[in-house]
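What's in model_10.csv: CSV, C-alpha atoms
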```csv
chain,number,residue,atom,x,y,z
A,1,MET,CA,28.1,-77.5,-33.5
A,2,ASN,CA,25.3,-74.9,-33.1
A,3,LEU,CA,26.3,-74.3,-29.5
A,4,LYS,CA,29.9,-73.7,-30.6
A,5,LYS,CA,28.7,-71.2,-33.3
A,6,GLU,CA,26.5,-69.5,-30.7
A,7,ILE,CA,29.4,-69.2,-28.3
A,8,THR,CA,31.7,-67.8,-31.0
A,9,ARG,CA,29.1,-65.3,-32.2
A,10,TRP,CA,28.4,-63.9,-28.7
A,11,LYS,CA,32.1,-63.9,-27.9
A,12,TYR,CA,32.7,-61.4,-30.8
A,13,ALA,CA,29.5,-59.6,-29.8
A,14,CYS,CA,30.8,-59.1,-26.2
A,15,ILE,CA,34.2,-58.0,-27.5
A,16,LEU,CA,32.5,-55.4,-29.8
A,17,LEU,CA,30.3,-54.2,-26.9
A,18,PHE,CA,33.4,-53.8,-24.7
A,19,GLY,CA,35.1,-51.7,-27.4
A,20,ILE,CA,32.0,-49.6,-27.9
A,21,GLY,CA,31.8,-49.0,-24.2
A,22,ILE,CA,35.4,-47.9,-23.9
A,23,SER,CA,35.0,-45.5,-26.8
A,24,ASN,CA,31.8,-44.0,-25.5
A,25,ILE,CA,33.1,-43.5,-22.0
A,26,GLY,CA,36.2,-41.9,-23.4
A,27,GLU,CA,34.1,-39.6,-25.6
A,28,TRP,CA,32.3,-38.2,-22.5
A,29,VAL,CA,35.6,-37.7,-20.7
A,30,TYR,CA,37.2,-35.9,-23.7
A,31,PHE,CA,34.2,-33.6,-24.3
A,32,ILE,CA,33.9,-32.5,-20.6
A,33,ALA,CA,37.7,-32.0,-20.4
A,34,LEU,CA,37.7,-30.0,-23.7
A,35,ASN,CA,34.9,-27.7,-22.3
A,36,LEU,CA,37.2,-26.9,-19.3
A,37,ILE,CA,40.3,-26.3,-21.4
A,38,VAL,CA,38.5,-23.9,-23.8
A,39,LEU,CA,36.9,-22.1,-20.8
A,40,ASP,CA,40.3,-21.7,-19.1
A,41,MET,CA,41.9,-20.4,-22.4
A,42,THR,CA,39.1,-17.9,-23.2
A,43,ASP,CA,37.2,-17.3,-19.9
A,44,SER,CA,34.2,-17.1,-22.3
A,45,PRO,CA,31.0,-19.2,-22.1
A,46,LEU,CA,30.3,-18.3,-25.7
A,47,ALA,CA,33.6,-19.9,-26.8
A,48,VAL,CA,32.5,-23.1,-25.0
A,49,SER,CA,29.0,-23.0,-26.6
A,50,VAL,CA,30.7,-23.1,-30.1
A,51,LEU,CA,31.9,-26.6,-29.3
A,52,TYR,CA,28.2,-27.7,-29.2
A,53,ILE,CA,27.6,-26.1,-32.6
A,54,ILE,CA,30.6,-27.8,-34.3
A,55,LYS,CA,29.1,-31.3,-34.0
A,56,PRO,CA,26.0,-30.7,-36.1
A,57,LEU,CA,28.0,-28.6,-38.5
A,58,ALA,CA,30.5,-31.5,-38.9
A,59,THR,CA,27.6,-33.9,-39.5
A,60,LEU,CA,26.2,-31.5,-42.2
A,61,PHE,CA,29.6,-31.3,-43.9
A,62,THR,CA,30.2,-35.1,-43.8
A,63,SER,CA,26.8,-36.7,-44.4
A,64,PHE,CA,26.3,-35.8,-48.0
A,65,TRP,CA,29.3,-37.8,-49.2
A,66,ALA,CA,30.2,-40.1,-46.3
A,67,GLY,CA,27.7,-42.8,-47.2
A,68,SER,CA,29.3,-43.3,-50.6
A,69,PHE,CA,32.6,-44.2,-49.0
A,70,ILE,CA,31.1,-46.3,-46.2
A,71,ASP,CA,29.1,-48.6,-48.5
A,72,ARG,CA,32.2,-49.2,-50.6
A,73,LEU,CA,34.9,-49.7,-48.0
A,74,ASN,CA,35.6,-52.6,-45.6
A,75,LYS,CA,33.6,-51.8,-42.4
A,76,ARG,CA,36.1,-53.3,-39.9
A,77,SER,CA,39.1,-51.5,-41.5
A,78,LEU,CA,37.2,-48.2,-41.6
A,79,MET,CA,36.2,-48.5,-37.9
A,80,ILE,CA,39.9,-49.1,-37.0
A,81,PHE,CA,41.0,-46.2,-39.2
A,82,LEU,CA,38.4,-43.8,-37.7
A,83,ASP,CA,39.4,-44.7,-34.1
A,84,ILE,CA,43.1,-44.1,-34.8
A,85,ILE,CA,42.4,-40.8,-36.6
A,86,ARG,CA,40.3,-39.5,-33.7
A,87,ALA,CA,42.9,-40.7,-31.2
A,88,LEU,CA,45.7,-38.9,-33.1
A,89,PHE,CA,43.9,-35.6,-33.3
A,90,ILE,CA,42.8,-35.8,-29.7
A,91,VAL,CA,46.4,-36.4,-28.6
A,92,LEU,CA,47.4,-33.2,-30.4
A,93,LEU,CA,44.6,-31.0,-28.9
A,94,PRO,CA,46.4,-30.0,-25.6
A,95,LEU,CA,49.4,-28.9,-27.7
A,96,LEU,CA,47.4,-26.3,-29.6
A,97,SER,CA,47.8,-22.7,-28.4
A,98,SER,CA,44.8,-21.0,-30.2
A,99,VAL,CA,41.1,-21.6,-29.9
A,100,SER,CA,40.6,-21.5,-33.7
A,101,SER,CA,43.0,-24.4,-34.2
A,102,ILE,CA,41.2,-26.3,-31.4
A,103,TYR,CA,37.9,-25.7,-33.2
A,104,LEU,CA,39.4,-27.0,-36.5
A,105,PHE,CA,40.7,-30.2,-34.8
A,106,VAL,CA,37.3,-30.7,-33.0
A,107,PHE,CA,35.6,-30.3,-36.4
A,108,ILE,CA,37.8,-33.1,-37.9
A,109,ILE,CA,37.2,-35.3,-34.8
A,110,ASN,CA,33.5,-34.9,-35.1
A,111,MET,CA,33.6,-35.6,-38.9
A,112,ALA,CA,35.3,-38.9,-38.0
A,113,SER,CA,32.6,-39.6,-35.3
A,114,ALA,CA,29.8,-38.8,-37.8
A,115,MET,CA,31.2,-41.5,-40.0
A,116,PHE,CA,31.9,-44.0,-37.3
A,117,SER,CA,28.3,-44.3,-36.1
A,118,PRO,CA,26.8,-45.6,-39.4
A,119,VAL,CA,29.8,-47.8,-40.1
A,120,SER,CA,29.5,-49.5,-36.7
A,121,ILE,CA,25.8,-50.0,-37.2
A,122,ILE,CA,26.4,-51.7,-40.5
A,123,TYR,CA,29.1,-53.9,-39.0
A,124,ILE,CA,26.8,-54.9,-36.1
A,125,THR,CA,24.0,-55.7,-38.6
A,126,LYS,CA,26.3,-58.0,-40.5
A,127,LEU,CA,27.7,-59.6,-37.3
A,128,ILE,CA,24.5,-60.3,-35.4
A,129,PRO,CA,21.8,-62.5,-37.0
A,130,GLU,CA,18.3,-61.1,-37.2
A,131,GLU,CA,16.8,-63.3,-34.4
A,132,GLU,CA,19.4,-62.0,-31.9
A,133,ARG,CA,19.3,-58.3,-32.8
A,134,LYS,CA,16.8,-57.2,-30.2
A,135,ARG,CA,18.8,-58.7,-27.4
A,136,PHE,CA,22.1,-57.3,-28.7
A,137,ASN,CA,20.6,-53.9,-29.2
A,138,ALA,CA,19.3,-53.9,-25.6
A,139,LEU,CA,22.8,-54.6,-24.5
A,140,TYR,CA,24.2,-52.0,-26.9
A,141,SER,CA,21.8,-49.5,-25.4
A,142,LEU,CA,22.9,-50.5,-21.9
A,143,VAL,CA,26.6,-50.0,-22.8
A,144,THR,CA,26.0,-46.5,-24.4
A,145,SER,CA,23.6,-45.5,-21.6
A,146,GLY,CA,26.1,-46.6,-19.0
A,147,ALA,CA,28.7,-44.5,-20.7
A,148,PHE,CA,26.4,-41.5,-20.2
A,149,PHE,CA,26.4,-42.2,-16.5
A,150,ILE,CA,30.0,-43.5,-16.0
A,151,GLY,CA,31.8,-41.0,-18.4
A,152,PRO,CA,31.2,-37.8,-16.4
A,153,ALA,CA,32.0,-39.7,-13.2
A,154,VAL,CA,35.3,-40.9,-14.6
A,155,ALA,CA,36.0,-37.3,-15.9
A,156,GLY,CA,35.4,-35.9,-12.4
A,157,LEU,CA,37.7,-38.5,-10.8
A,158,LEU,CA,40.4,-37.7,-13.4
A,159,PHE,CA,40.0,-34.0,-12.7
A,160,TYR,CA,40.4,-34.7,-9.0
A,161,ILE,CA,43.7,-36.7,-9.4
A,162,GLY,CA,45.0,-34.8,-12.4
A,163,THR,CA,44.1,-32.2,-15.0
A,164,PRO,CA,41.7,-32.0,-18.0
A,165,THR,CA,44.8,-32.5,-20.2
A,166,LEU,CA,45.3,-35.9,-18.5
A,167,ALA,CA,41.7,-36.8,-19.3
A,168,ILE,CA,42.2,-35.9,-22.9
A,169,TYR,CA,45.2,-38.2,-23.2
A,170,ILE,CA,43.4,-41.0,-21.5
A,171,ASN,CA,40.5,-40.7,-24.0
A,172,ALA,CA,43.1,-41.0,-26.8
A,173,VAL,CA,44.3,-44.2,-25.2
A,174,ALA,CA,40.7,-45.4,-25.0
A,175,LEU,CA,40.2,-44.8,-28.7
A,176,PHE,CA,43.5,-46.6,-29.6
A,177,SER,CA,42.3,-49.5,-27.4
A,178,SER,CA,38.9,-49.5,-29.2
A,179,GLY,CA,40.7,-49.7,-32.6
A,180,LEU,CA,42.9,-52.5,-31.3
A,181,ILE,CA,39.9,-54.4,-30.1
A,182,THR,CA,38.2,-54.0,-33.4
A,183,TYR,CA,41.3,-55.4,-35.1
A,184,PHE,CA,40.6,-58.7,-33.5
A,185,MET,CA,37.0,-58.8,-34.7
A,186,PRO,CA,36.2,-61.0,-37.7
A,187,ASN,CA,36.4,-59.5,-41.2
A,188,LEU,CA,32.9,-59.8,-42.7
A,189,GLU,CA,33.6,-58.6,-46.2
A,190,ASN,CA,35.9,-59.7,-49.0
A,191,ASN,CA,37.4,-56.2,-49.6
A,192,TYR,CA,40.1,-55.0,-47.2
A,193,GLY,CA,39.7,-51.2,-47.6
A,194,THR,CA,40.1,-50.5,-51.3
A,195,MET,CA,37.4,-49.1,-53.5
A,196,GLN,CA,36.6,-50.4,-57.0
A,197,GLU,CA,35.6,-47.0,-58.3
A,198,LYS,CA,36.8,-43.5,-57.6
A,199,ILE,CA,34.3,-41.2,-55.8
A,200,SER,CA,33.3,-38.3,-58.0
A,201,PHE,CA,30.5,-35.9,-58.2
A,202,LYS,CA,28.8,-38.2,-60.7
A,203,ILE,CA,29.0,-41.1,-58.3
A,204,LEU,CA,27.7,-38.9,-55.4
A,205,ARG,CA,24.7,-37.9,-57.6
A,206,LYS,CA,24.1,-41.5,-58.5
A,207,ASP,CA,24.2,-42.5,-54.8
A,208,TRP,CA,21.7,-39.8,-53.9
A,209,ASN,CA,19.4,-41.2,-56.6
A,210,VAL,CA,19.8,-44.6,-55.1
A,211,VAL,CA,18.7,-43.3,-51.7
A,212,MET,CA,15.7,-41.4,-53.3
A,213,ASP,CA,14.7,-44.6,-55.2
A,214,PHE,CA,15.0,-46.7,-52.0
A,215,SER,CA,12.9,-44.1,-50.1
A,216,ARG,CA,10.1,-44.2,-52.8
A,217,GLU,CA,10.1,-48.0,-52.8
A,218,HIS,CA,10.1,-48.2,-49.0
A,219,LYS,CA,7.9,-45.2,-48.0
A,220,TYR,CA,6.6,-46.8,-44.8
A,221,THR,CA,10.1,-47.7,-43.5
A,222,MET,CA,11.4,-44.2,-44.1
A,223,TRP,CA,8.2,-42.6,-42.7
A,224,ILE,CA,8.9,-44.5,-39.4
A,225,TYR,CA,12.6,-43.4,-39.6
A,226,VAL,CA,11.7,-39.7,-40.0
A,227,LEU,CA,9.1,-39.8,-37.3
A,228,PHE,CA,11.4,-41.4,-34.8
A,229,SER,CA,14.2,-39.0,-35.7
A,230,CYS,CA,11.9,-36.0,-35.2
A,231,VAL,CA,10.8,-37.2,-31.8
A,232,MET,CA,14.0,-38.7,-30.3
A,233,VAL,CA,16.7,-36.6,-32.0
A,234,VAL,CA,15.4,-33.3,-33.4
A,235,MET,CA,12.8,-32.3,-30.8
A,236,ALA,CA,14.8,-33.8,-27.9
A,237,SER,CA,17.9,-31.9,-28.9
A,238,ALA,CA,16.0,-28.6,-29.3
A,239,VAL,CA,14.4,-29.0,-25.8
A,240,ASP,CA,17.6,-30.2,-24.2
A,241,SER,CA,19.3,-27.0,-25.4
A,242,LEU,CA,17.3,-25.1,-22.9
A,243,GLU,CA,17.7,-27.6,-20.1
A,244,ALA,CA,20.2,-25.7,-18.0
A,245,ALA,CA,18.4,-22.4,-18.5
A,246,PHE,CA,15.1,-24.0,-17.6
A,247,ALA,CA,16.5,-25.6,-14.4
A,248,LYS,CA,18.3,-22.4,-13.3
A,249,GLU,CA,16.0,-19.6,-14.3
A,250,VAL,CA,12.5,-21.3,-14.2
A,251,LEU,CA,12.8,-23.9,-11.5
A,252,LEU,CA,15.4,-21.8,-9.7
A,253,LEU,CA,17.6,-24.7,-8.9
A,254,SER,CA,21.1,-24.4,-7.4
A,255,ASN,CA,24.1,-25.8,-9.2
A,256,SER,CA,24.1,-28.8,-6.8
A,257,GLU,CA,20.4,-29.4,-7.4
A,258,TYR,CA,20.9,-29.3,-11.1
A,259,GLY,CA,23.7,-31.8,-10.8
A,260,ILE,CA,21.4,-34.1,-8.8
A,261,LEU,CA,18.8,-33.8,-11.6
A,262,VAL,CA,21.3,-34.9,-14.2
A,263,SER,CA,22.3,-37.8,-12.0
A,264,ILE,CA,18.6,-38.8,-11.7
A,265,ALA,CA,18.4,-38.9,-15.5
A,266,GLY,CA,21.6,-41.0,-15.6
A,267,ALA,CA,20.3,-43.5,-13.1
A,268,GLY,CA,17.0,-43.7,-15.0
A,269,ILE,CA,18.9,-44.5,-18.2
A,270,VAL,CA,21.0,-47.3,-16.7
A,271,LEU,CA,18.1,-48.8,-14.7
A,272,GLY,CA,15.8,-48.7,-17.8
A,273,ALA,CA,18.5,-50.3,-20.0
A,274,CYS,CA,19.2,-53.1,-17.4
A,275,ILE,CA,15.5,-54.0,-17.2
A,276,ASN,CA,15.2,-53.8,-20.9
A,277,THR,CA,17.9,-56.4,-21.5
A,278,LEU,CA,15.9,-58.8,-19.3
A,279,PHE,CA,12.5,-58.4,-21.0
A,280,ILE,CA,13.2,-57.2,-24.5
A,281,LYS,CA,12.6,-60.6,-26.1
A,282,LYS,CA,9.0,-60.5,-24.9
A,283,ILE,CA,8.2,-57.0,-26.2
A,284,ALA,CA,7.2,-56.3,-29.8
A,285,VAL,CA,9.5,-54.1,-31.8
A,286,SER,CA,6.5,-51.8,-32.8
A,287,LEU,CA,5.7,-51.3,-29.1
A,288,LEU,CA,9.4,-50.6,-28.2
A,289,ILE,CA,9.4,-47.8,-30.9
A,290,GLY,CA,5.9,-46.4,-30.6
A,291,LEU,CA,5.1,-46.7,-26.9
A,292,GLY,CA,8.7,-46.1,-25.9
A,293,SER,CA,8.7,-42.8,-27.7
A,294,VAL,CA,5.4,-41.8,-26.2
A,295,LEU,CA,6.6,-42.5,-22.7
A,296,VAL,CA,9.9,-40.6,-23.3
A,297,SER,CA,7.8,-37.6,-24.5
A,298,PHE,CA,5.5,-38.0,-21.5
A,299,GLY,CA,8.5,-37.7,-19.2
A,300,TYR,CA,9.5,-34.5,-21.1
A,301,VAL,CA,5.9,-33.1,-20.5
A,302,ILE,CA,6.1,-33.7,-16.8
A,303,TYR,CA,9.5,-32.0,-16.7
A,304,ALA,CA,8.2,-29.0,-18.8
A,305,ILE,CA,5.2,-28.3,-16.6
A,306,SER,CA,6.9,-29.0,-13.3
A,307,THR,CA,7.3,-26.2,-10.7
A,308,THR,CA,9.3,-28.1,-8.2
A,309,PHE,CA,12.5,-30.1,-8.1
A,310,LEU,CA,10.6,-33.3,-7.2
A,311,PHE,CA,8.3,-33.2,-10.3
A,312,ALA,CA,11.2,-32.2,-12.5
A,313,GLY,CA,13.1,-35.2,-11.1
A,314,ILE,CA,10.2,-37.6,-11.8
A,315,GLY,CA,10.0,-36.3,-15.4
A,316,PHE,CA,13.7,-36.7,-15.9
A,317,PHE,CA,13.6,-40.3,-14.5
A,318,ILE,CA,10.7,-41.3,-16.7
A,319,LEU,CA,12.1,-39.9,-20.0
A,320,ALA,CA,15.5,-41.4,-19.2
A,321,PHE,CA,14.1,-44.8,-18.2
A,322,PHE,CA,12.3,-45.4,-21.5
A,323,ILE,CA,15.0,-44.1,-23.8
A,324,SER,CA,16.7,-47.5,-24.1
A,325,TYR,CA,13.4,-49.2,-25.1
A,326,ALA,CA,12.7,-46.7,-27.9
A,327,ASN,CA,16.3,-46.8,-29.2
A,328,ALA,CA,16.7,-50.6,-29.1
A,329,GLY,CA,13.4,-51.0,-30.9
A,330,PHE,CA,14.3,-48.5,-33.6
A,331,LEU,CA,17.7,-49.9,-34.1
A,332,THR,CA,16.3,-53.4,-34.6
A,333,PHE,CA,13.7,-52.0,-37.1
A,334,TYR,CA,16.4,-50.1,-38.9
A,335,GLN,CA,18.7,-53.1,-39.2
A,336,ASN,CA,15.9,-55.4,-40.4
A,337,ASN,CA,14.4,-53.1,-43.0
A,338,ILE,CA,17.4,-51.4,-44.7
A,339,PRO,CA,19.8,-53.6,-46.6
A,340,THR,CA,23.5,-53.3,-45.5
A,341,ASP,CA,24.6,-52.6,-49.0
A,342,VAL,CA,22.8,-49.2,-49.0
A,343,MET,CA,22.6,-48.6,-45.2
A,344,GLY,CA,25.6,-46.2,-45.2
A,345,ARG,CA,24.2,-44.0,-47.9
A,346,VAL,CA,20.6,-44.0,-46.6
A,347,GLY,CA,21.8,-43.3,-43.0
A,348,SER,CA,24.2,-40.6,-43.9
A,349,ILE,CA,21.9,-38.7,-46.2
A,350,TYR,CA,19.0,-38.8,-43.8
A,351,ARG,CA,21.4,-37.7,-41.0
A,352,LEU,CA,22.2,-34.6,-43.2
A,353,PHE,CA,18.5,-33.6,-43.1
A,354,GLU,CA,18.3,-34.5,-39.4
A,355,ALA,CA,21.2,-32.1,-38.6
A,356,MET,CA,19.6,-29.3,-40.6
A,357,LEU,CA,16.3,-29.9,-38.7
A,358,ILE,CA,18.2,-29.8,-35.4
A,359,ILE,CA,19.8,-26.5,-36.2
A,360,PHE,CA,16.5,-25.0,-37.4
A,361,THR,CA,14.3,-26.3,-34.6
A,362,THR,CA,16.9,-25.4,-31.9
A,363,THR,CA,17.0,-21.8,-33.4
A,364,ILE,CA,13.2,-21.6,-33.3
A,365,ILE,CA,12.9,-22.7,-29.7
A,366,GLY,CA,15.8,-20.6,-28.6
A,367,THR,CA,14.2,-17.5,-30.3
A,368,LEU,CA,10.9,-18.3,-28.7
A,369,ALA,CA,12.6,-18.5,-25.3
A,370,GLN,CA,14.3,-15.2,-25.8
A,371,MET,CA,11.2,-13.3,-27.1
A,372,ILE,CA,8.5,-14.8,-24.9
A,373,SER,CA,9.7,-17.1,-22.1
A,374,ILE,CA,11.8,-20.2,-21.5
A,375,ARG,CA,8.8,-22.0,-19.9
A,376,ILE,CA,6.5,-21.5,-23.0
A,377,ALA,CA,9.3,-22.4,-25.4
A,378,VAL,CA,10.0,-25.7,-23.5
A,379,ILE,CA,6.3,-26.5,-23.2
A,380,ALA,CA,5.7,-25.8,-26.9
A,381,GLY,CA,8.6,-28.1,-27.8
A,382,VAL,CA,7.6,-31.0,-25.7
A,383,PHE,CA,3.9,-31.0,-26.8
A,384,VAL,CA,5.1,-31.0,-30.5
A,385,MET,CA,7.3,-33.9,-29.4
A,386,LEU,CA,4.3,-35.7,-27.8
A,387,LEU,CA,2.1,-35.2,-30.8
A,388,LEU,CA,4.8,-36.6,-33.1
A,389,ALA,CA,5.3,-39.6,-30.7
A,390,PHE,CA,1.6,-40.5,-30.8
A,391,THR,CA,1.7,-40.3,-34.6
A,392,LEU,CA,4.7,-42.7,-34.5
A,393,LEU,CA,2.8,-45.0,-32.1
A,394,ILE,CA,-0.3,-45.2,-34.4
A,395,ALA,CA,1.9,-45.6,-37.5
A,396,SER,CA,4.0,-48.4,-35.9
A,397,ARG,CA,0.9,-50.4,-34.8
A,398,LEU,CA,-0.9,-50.5,-38.2
A,399,PRO,CA,-2.0,-54.1,-38.7
A,400,SER,CA,-1.2,-54.0,-42.4
A,401,LYS,CA,2.5,-53.2,-41.6
A,402,LYS,CA,3.0,-55.8,-39.0
A,403,ARG,CA,5.4,-57.8,-41.1
A,404,CYS,CA,7.9,-54.8,-41.1
A,405,PHE,CA,8.4,-55.3,-37.4
A,406,ASN,CA,8.4,-59.1,-37.2
A,407,VAL,CA,11.7,-60.5,-35.8
A,408,LEU,CA,12.5,-64.2,-36.0
```
Would it be possible to restate this file's structure as structure tokens?
Amino acid sequence: MNLKKEITRWKYACILLFGIGISNIGEWVYFIALNLIVLDMTDSPLAVSVLYIIKPLATLFTSFWAGSFIDRLNKRSLMIFLDIIRALFIVLLPLLSSVSSIYLFVFIINMASAMFSPVSIIYITKLIPEEERKRFNALYSLVTSGAFFIGPAVAGLLFYIGTPTLAIYINAVALFSSGLITYFMPNLENNYGTMQEKISFKILRKDWNVVMDFSREHKYTMWIYVLFSCVMVVMASAVDSLEAAFAKEVLLLSNSEYGILVSIAGAGIVLGACINTLFIKKIAVSLLIGLGSVLVSFGYVIYAISTTFLFAGIGFFILAFFISYANAGFLTFYQNNIPTDVMGRVGSIYRLFEAMLIIFTTTIIGTLAQMISIRIAVIAGVFVMLLLAFTLLIASRLPSKKRCFNVL
């Protein structure tokens, strides 16, 4: 009986991973294709760069209210709905004739994506028992990392045999397929999409108070959350914003050499994620989070101080290799320490502040690069990142907090 339950559980886990993989690969194809479509329409790099600003803006606009809906709605139904909404708007993108209308549709698509991430994490937490989460999260990291590597390659192949518009339509099909796959997943909640209470300003304020109360009661958990976010999301995003300029203007790399550098990072991500799936059961969650973040930051430092393609490639490979370790460890910690009934609200509200920090930090580093130099801006960013990572390592290894990282 136990074996039958185990087979059933992992059958659904594999189906879910397959759906997530299709969705992630499609997202890369869509975004690369969209970059080319906007560039062809406007012949303006600035118009393309606006696409990168829309995502954090959509997160800012969505996060302060999304958690209230997420925690009250059926997660499986909401995942299906968000996949279909994104697919429908993506299908319409090539039919739009103005850049402003494309920006509006991309904003709506990114709003749906900003909601989909916390919804899927809650569903995964409910589906996978605590003792299996580390292994599943390693596989989850492998699938999402593989999408980073496979997505651009698929996009390139589609551009070779067709057009960016074809790639857009194929991504819409991928999202429809993901929604269909999710439909066959088990329903883990009693409600089927309806809410017992109408969302109002009063309810939103009440939910914010719930998150603040939870944060005060679980200060250590949220301290780890904030530190990890600052290292792996905020500082990484700020430094990555100067990646192309650093490669071209500081390292003086050609377009082909820069392409190889990105491929090295992709290979590092996939190889690291593959090895992670084999050994993750033997590695403590606290080490995955703390040491993983330090090693990712160390890779960024090598990249920042490099003067040749070889050293930049080594730095890229190291930081990419250990990303899956840090992410799998953090996701396991997050699932084990934040109850699913408040996970949507906690995640959404903290992502709101995360998006604000990304915009602020990216602006600071970009201004520093403009006023002083790109090299100094990147070095300053990665050393702040490394300092925060060491703080995270020390905090995650406190003997008195060991129980927070214990996994059955």
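Every protein or nucleic acid residue with an atom no more than 10 Å from Arg345 (chain A), counting only C-alpha atoms and leaving out same-chain residues fewer than 2 positions away, appears here: Ser63, Phe64, Trp65, Ala66, Gly67, Ser68, Phe69, Ile70, Asp71, Arg72, Pro118, Leu204, Asp207, Trp208, Val210, Val211, Thr340, Asp341, Val342, Met343, Gly347, Ser348, Ile349, Tyr350 and Arg351 of chain A.
Pairwise distance (CA of Phe311 (chain A), CA of Ser373 (chain A)) equals 20.0 Å.
Distance check against Lys134 (chain A) using all atoms listed in the file: of A:Ala174, A:Ile224, A:Leu180, A:Ala284, the minimum falls on A:Ala284.
Here CA of Phe279 (chain A) and CA of Ile122 (chain A) stand 24.9 Å from one another.
Between Phe317 (chain A) and the candidates A:Gly266, A:Gly329, A:Gly366, A:Gly344, the tightest atom-to-atom separation, counting only C-alpha atoms, involves A:Gly266.
If only C-alpha atoms are the atoms counted, then among A:Ser229, A:Asn35, A:Ser141, A:Asn24 the closest residue to Ile102 (chain A) is A:Asn35.
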task: Grab the CA of Met232 (chain A) to CA of Ile289 (chain A) distance for me, in Å with one decimal place.
output: 10.2 Å
- prompt: Using all atoms listed in the file, which residues sit within 10 Å of region 295-308 of chain A once same-chain residues fewer than 2 positions away are excluded, as a PyMOL selection string?
  reply: chain A and resi 231-232+235-236+239-240+243+246-247+250-253+290-293+310-326+374-390
field: Gly259 (chain A) surroundings by all atoms listed in the file, 12 Å radius, close-in-sequence under 2 positions cut, as a PyMOL selection string
entry: chain A and resi 152-153+243-244+247-248+253-257+261-266+309+313
Using C-alpha atoms, can you export the residues from the last selection as an mmCIF file, in the frame of the given file?
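Contents of the output file again.cif:
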```cif
data_model
loop_
_atom_site.group_PDB
_atom_site.id
_atom_site.type_symbol
_atom_site.label_atom_id
_atom_site.label_comp_id
_atom_site.auth_asym_id
_atom_site.auth_seq_id
_atom_site.Cartn_x
_atom_site.Cartn_y
_atom_site.Cartn_z
ATOM 1 C CA PRO A 152 31.200 -37.800 -16.400
ATOM 2 C CA ALA A 153 32.000 -39.700 -13.200
ATOM 3 C CA GLU A 243 17.700 -27.600 -20.100
ATOM 4 C CA ALA A 244 20.200 -25.700 -18.000
ATOM 5 C CA ALA A 247 16.500 -25.600 -14.400
ATOM 6 C CA LYS A 248 18.300 -22.400 -13.300
ATOM 7 C CA LEU A 253 17.600 -24.700 -8.900
ATOM 8 C CA SER A 254 21.100 -24.400 -7.400
ATOM 9 C CA ASN A 255 24.100 -25.800 -9.200
ATOM 10 C CA SER A 256 24.100 -28.800 -6.800
ATOM 11 C CA GLU A 257 20.400 -29.400 -7.400
ATOM 12 C CA LEU A 261 18.800 -33.800 -11.600
ATOM 13 C CA VAL A 262 21.300 -34.900 -14.200
ATOM 14 C CA SER A 263 22.300 -37.800 -12.000
ATOM 15 C CA ILE A 264 18.600 -38.800 -11.700
ATOM 16 C CA ALA A 265 18.400 -38.900 -15.500
ATOM 17 C CA GLY A 266 21.600 -41.000 -15.600
ATOM 18 C CA PHE A 309 12.500 -30.100 -8.100
ATOM 19 C CA GLY A 313 13.100 -35.200 -11.100
#
```
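If you count all atoms listed in the file and ignore residues fewer than 6 places along the chain from Thr332 (chain A), what sits within 9 Å of it is Thr125, Glu130, Arg133, Lys134, Asn137, Val285, Phe405 and Val407 of chain A.
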Since the input is missing atoms, can you rebuild N, CA and C atoms for region 306-315 of chain A and write them as an mmCIF file, in the frame of the given file?
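Result file is rebuild24.cif:
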```cif
data_model
loop_
_atom_site.group_PDB
_atom_site.id
_atom_site.type_symbol
_atom_site.label_atom_id
_atom_site.label_comp_id
_atom_site.auth_asym_id
_atom_site.auth_seq_id
_atom_site.Cartn_x
_atom_site.Cartn_y
_atom_site.Cartn_z
ATOM 1 N N SER A 306 6.586 -28.880 -14.722
ATOM 2 C CA SER A 306 6.900 -29.000 -13.300
ATOM 3 C C SER A 306 7.228 -27.591 -12.722
ATOM 4 N N THR A 307 6.947 -27.466 -11.451
ATOM 5 C CA THR A 307 7.300 -26.200 -10.700
ATOM 6 C C THR A 307 8.183 -26.470 -9.556
ATOM 7 N N THR A 308 8.474 -27.743 -9.285
ATOM 8 C CA THR A 308 9.300 -28.100 -8.200
ATOM 9 C C THR A 308 10.421 -29.065 -8.611
ATOM 10 N N PHE A 309 11.438 -29.185 -7.787
ATOM 11 C CA PHE A 309 12.500 -30.100 -8.100
ATOM 12 C C PHE A 309 12.019 -31.554 -8.121
ATOM 13 N N LEU A 310 11.074 -31.912 -7.249
ATOM 14 C CA LEU A 310 10.600 -33.300 -7.200
ATOM 15 C C LEU A 310 9.918 -33.694 -8.507
ATOM 16 N N PHE A 311 9.001 -32.860 -9.040
ATOM 17 C CA PHE A 311 8.300 -33.200 -10.300
ATOM 18 C C PHE A 311 9.274 -33.187 -11.480
ATOM 19 N N ALA A 312 10.219 -32.264 -11.470
ATOM 20 C CA ALA A 312 11.200 -32.200 -12.500
ATOM 21 C C ALA A 312 12.044 -33.533 -12.500
ATOM 22 N N GLY A 313 12.376 -33.988 -11.284
ATOM 23 C CA GLY A 313 13.100 -35.200 -11.100
ATOM 24 C C GLY A 313 12.350 -36.438 -11.615
ATOM 25 N N ILE A 314 11.037 -36.464 -11.325
ATOM 26 C CA ILE A 314 10.200 -37.600 -11.800
ATOM 27 C C ILE A 314 10.148 -37.571 -13.326
ATOM 28 N N GLY A 315 9.979 -36.391 -13.921
ATOM 29 C CA GLY A 315 10.000 -36.300 -15.400
ATOM 30 C C GLY A 315 11.274 -36.755 -15.991
#
```
